[in-house]
Amino acid sequence: MKNNQPTPRSEYTAMAKGLHWLMALGLCSLFALGLYMADLHLSPWKLKLYSWHKWAGVTLFLLAWLRLLWRFTHRPPALPGHMSPLERLVAHCGHALLYLLLFAIPLSGWLMSSAKGVQTVYFGLWPIPDLLTKDKALGDVLHEIHETLNWLLALTVAGHALAALKHHFVDRDEVLQRMLPGVSGKSTQ
Amino acid sequence: MNSNRNLVPPRDFVSTKASLPAKHTRAWGALGAGGLLWVSCWPVVSGAVEFNTLQPAQSTLVFAYKQMNVPMEGRFKSFSAHLHFDPAKPAQGKATLEAPIASLDTGSEEANDEVGDAAWFNSKKYPVAHFESTTIQPLGGNRYEVSGPLTIKGHTRLVSTPVTVSVQGNRAVFDGSFEVRRADFSVGEGTWADFGTVANEIHITFHLVATP
Ligand code: HEM
Ligand code: HEM
């Protein structure tokens, strides 16, 4: 994999693919875990799940920074030539929204935890500073925000995945393939 | 010179619990109970003045514990004390303290809803945590070591704590902190008995303000 090409490449680098799929898996798992744990009756199990959710969420937050760094140092492959200006706009806005949520969701979780008075101690070892002091009303608002952003992510990802499938099965272009692990087709661009 | 007064009437503890909406999770700990403890307040005398009226609004009884290694804090919203302390004869002083379990705020609503359950404090059967001093030993200066039985959930353990007394104008302030282990009082039984989630050690800190 050559990096830092000034011109668009034909496929994503291994790093970009790895981060994309690792985070996709992590986000889906955390989403399910979040919904499951929040409805549990109080128990040691529930407290453990909450901690694990936060540790995994902080890990994804760190990966998001790595991903942003990748994005600033690389140009993603160009979109296929058959796409209309509107389609390009939607694709770019969709990707921008996904990037935004990769930061906003864990950030809202972190702030919510602080406002609820339960600090995040990464892996039970490293305390992460509380950015807010305990405030029940604010904690409830941040919970709403965390939840709403998560549903927004679910919607956006659904549209994103459908678009990828459309590229593959309807347009029959290389868009899905160049994000899949392994060798992709030749550059068509 | 002796005083024996109920300084803070216990509030209706049943309603305290009922009024807390149950919801979110967290915190836990439960325990606080331990906390109770010690609010030993005995009036200190400065000159001929005896400080024996607890100022509940300025006094606090808080406890700290770890949950999944996260530092948590809770407190008692009300407690009462009977004081009897002659500074000229500190060793003959006496302090008793009662803290209703229903006034216990674990720092989490969800935990507050369960703290009265049998696994935690069983507050129906044991509604109040109780401490009574048996010895007050001067440690020099304005410091004392206060010891006596602490009863929580039907279990009694001897505890002792250092107390610093400072008189500021017409107020006397008693400060101290000590540690109890929840397992000594069977607080947190069954699935909660594992200290990996809620730690055994409960650190109690009291700050009591009294006026004449
Ligand atoms: C980055 C990926 C994350 C995802 C996908 C995610 C997803 C979710 C979801 C779906 C819920 C359930 C919301 C509900 O129905 O109540 C939830 C709850 C929660 N999340 Fe996250 N979360 C993430 C990161 C974080 C982080 C970094 C923290 C804290 C450091 C956090 C703390 C919480 C807490 C405390 C709750 C439970 C709120 C409550 O029930 O009181 N989350 N999360
Ligand atoms: C939580 C789940 C997901 C997130 C957060 C996510 C996020 C992203 C982001 C931010 C990009 C843009 C990368 C860039 O060019 O800078 C991207 C690209 C891509 N994603 Fe996802 N994705 C997710 C799931 C999926 C799924 C399930 C599929 C396939 C079914 C998929 C297929 C693709 C493809 C094919 C691209 C490349 C688009 C192109 O070449 O222009 N993604 N994804």
# chains A, B, ... in the order shown; residues from 1 in each chain; ligands from 1
$ residues_around --residues "Ala199 (chain B)" --least-positions-apart "5" --cutoff "9 Å" --atoms "only C-alpha atoms" --output "CSV table (one decimal) with C-alpha atoms, in the first residue's frame"
chain,number,residue,atom,x,y,z
B,29,GLY,CA,-23.1,1.7,45.9
B,65,TYR,CA,-16.9,4.1,47.7
B,66,LYS,CA,-15.8,2.6,44.5
B,67,GLN,CA,-18.0,1.0,41.9
B,68,MET,CA,-16.2,-0.7,39.0
B,69,ASN,CA,-13.2,1.3,40.4
B,181,ARG,CA,-16.5,-2.5,55.5
B,182,ARG,CA,-19.9,-3.2,54.2
B,194,ASP,CA,-18.8,-9.6,45.2
$ residues_around --residues "Ala16 (chain A)" --least-positions-apart "3" --cutoff "10 Å" --atoms "only C-alpha atoms" --output "number ranges by chain"
A: 11-13, 19-22, 66-67, 70-71, 74, 76, 179
$ closest_residue --among "A:Tyr99, A:Trp65, A:Tyr50, A:Phe72" --to "ligand 1" --atoms "only C-alpha atoms and all ligand atoms"
A:Tyr50
$ residues_near_ligand --ligand "ligand 1" --cutoff "8 Å" --atoms "only C-alpha atoms and all ligand atoms" --output "number ranges by chain"
A: 26-39, 50, 53-61, 102-103, 105-113, 120, 140, 143-144, 146-147, 150-151; B: 23-26
$ residues_near_ligand --ligand "ligand 2" --cutoff "9 Å" --atoms "only C-alpha atoms and all ligand atoms" --output "number ranges by chain"
A: 10-12, 16-17, 20-21, 23-28, 67-68, 70-71, 74-80, 91-92, 94-102, 153-154, 156-158, 160-165, 167-168, 174-180
$ residues_around --residues "Glu189 (chain B)" --least-positions-apart "2" --cutoff "6 Å" --atoms "only C-alpha atoms" --output "PDB file with N, CA and C atoms, in the first residue's frame"
ATOM      1  N   ALA B 119     -31.373  -7.176  50.343  1.00  0.00           N
ATOM      2  CA  ALA B 119     -29.967  -7.430  50.031  1.00  0.00           C
ATOM      3  C   ALA B 119     -29.074  -6.290  50.510  1.00  0.00           C
ATOM      4  N   TRP B 192     -24.681  -9.109  45.103  1.00  0.00           N
ATOM      5  CA  TRP B 192     -23.905  -7.902  45.385  1.00  0.00           C
ATOM      6  C   TRP B 192     -22.714  -8.169  46.300  1.00  0.00           C
ATOM      7  N   ALA B 193     -22.620  -9.385  46.795  1.00  0.00           N
ATOM      8  CA  ALA B 193     -21.566  -9.674  47.770  1.00  0.00           C
ATOM      9  C   ALA B 193     -20.172  -9.572  47.156  1.00  0.00           C
TER      10      ALA B 193
END
$ interface_residues --of "chain A" --to "chain B" --cutoff "12 Å" --atoms "only C-alpha atoms" --output "PyMOL selection string"
chain A and resi 37-52+54-55+112-130+134-136+139-140+143
$ residues_around --residues "His155 (chain B)" --least-positions-apart "4" --cutoff "8 Å" --atoms "only C-alpha atoms" --output "list in words"
Thr151, Asp184, Phe185 and Ser186 of chain B
$ select_by_dssp --residues "region 57-106 of chain B" --states "strand (DSSP E)" --output "list in words"
Thr60, Leu61, Val62, Phe63, Ala64, Tyr65, Lys66, Gln67, Val70, Pro71, Met72, Glu73, Gly74, Arg75, Phe76, Ser80, Ala81, His82, Leu83, His84, Lys94, Ala95, Thr96, Leu97, Glu98, Ala99, Pro100, Leu104 and Asp105 of chain B
$ closest_residue --among "B:Ala91, B:Val180, B:Leu61, B:Val167" --to "Glu145 (chain B)" --atoms "only C-alpha atoms"
B:Ala91
$ select_by_dssp --residues "region 86-149 of chain A" --states "alpha helix (DSSP H)" --output "MDAnalysis selection string"
chainID A and resid 86:115 136:149
$ closest_residue --among "B:Asp105, B:Ala129, B:Ile204, B:Ser166" --to "Leu150 (chain B)" --atoms "only C-alpha atoms"
B:Ala129
$ atom_distance --atom1 "CA of Leu62 (chain A)" --atom2 "CA of Leu155 (chain A)"
23.1 Å
$ atom_distance --atom1 "CA of Ser59 (chain B)" --atom2 "CA of His207 (chain B)"
5.4 Å
$ atom_distance --atom1 "CA of Gly176 (chain B)" --atom2 "CA of Thr164 (chain B)"
6.3 Å
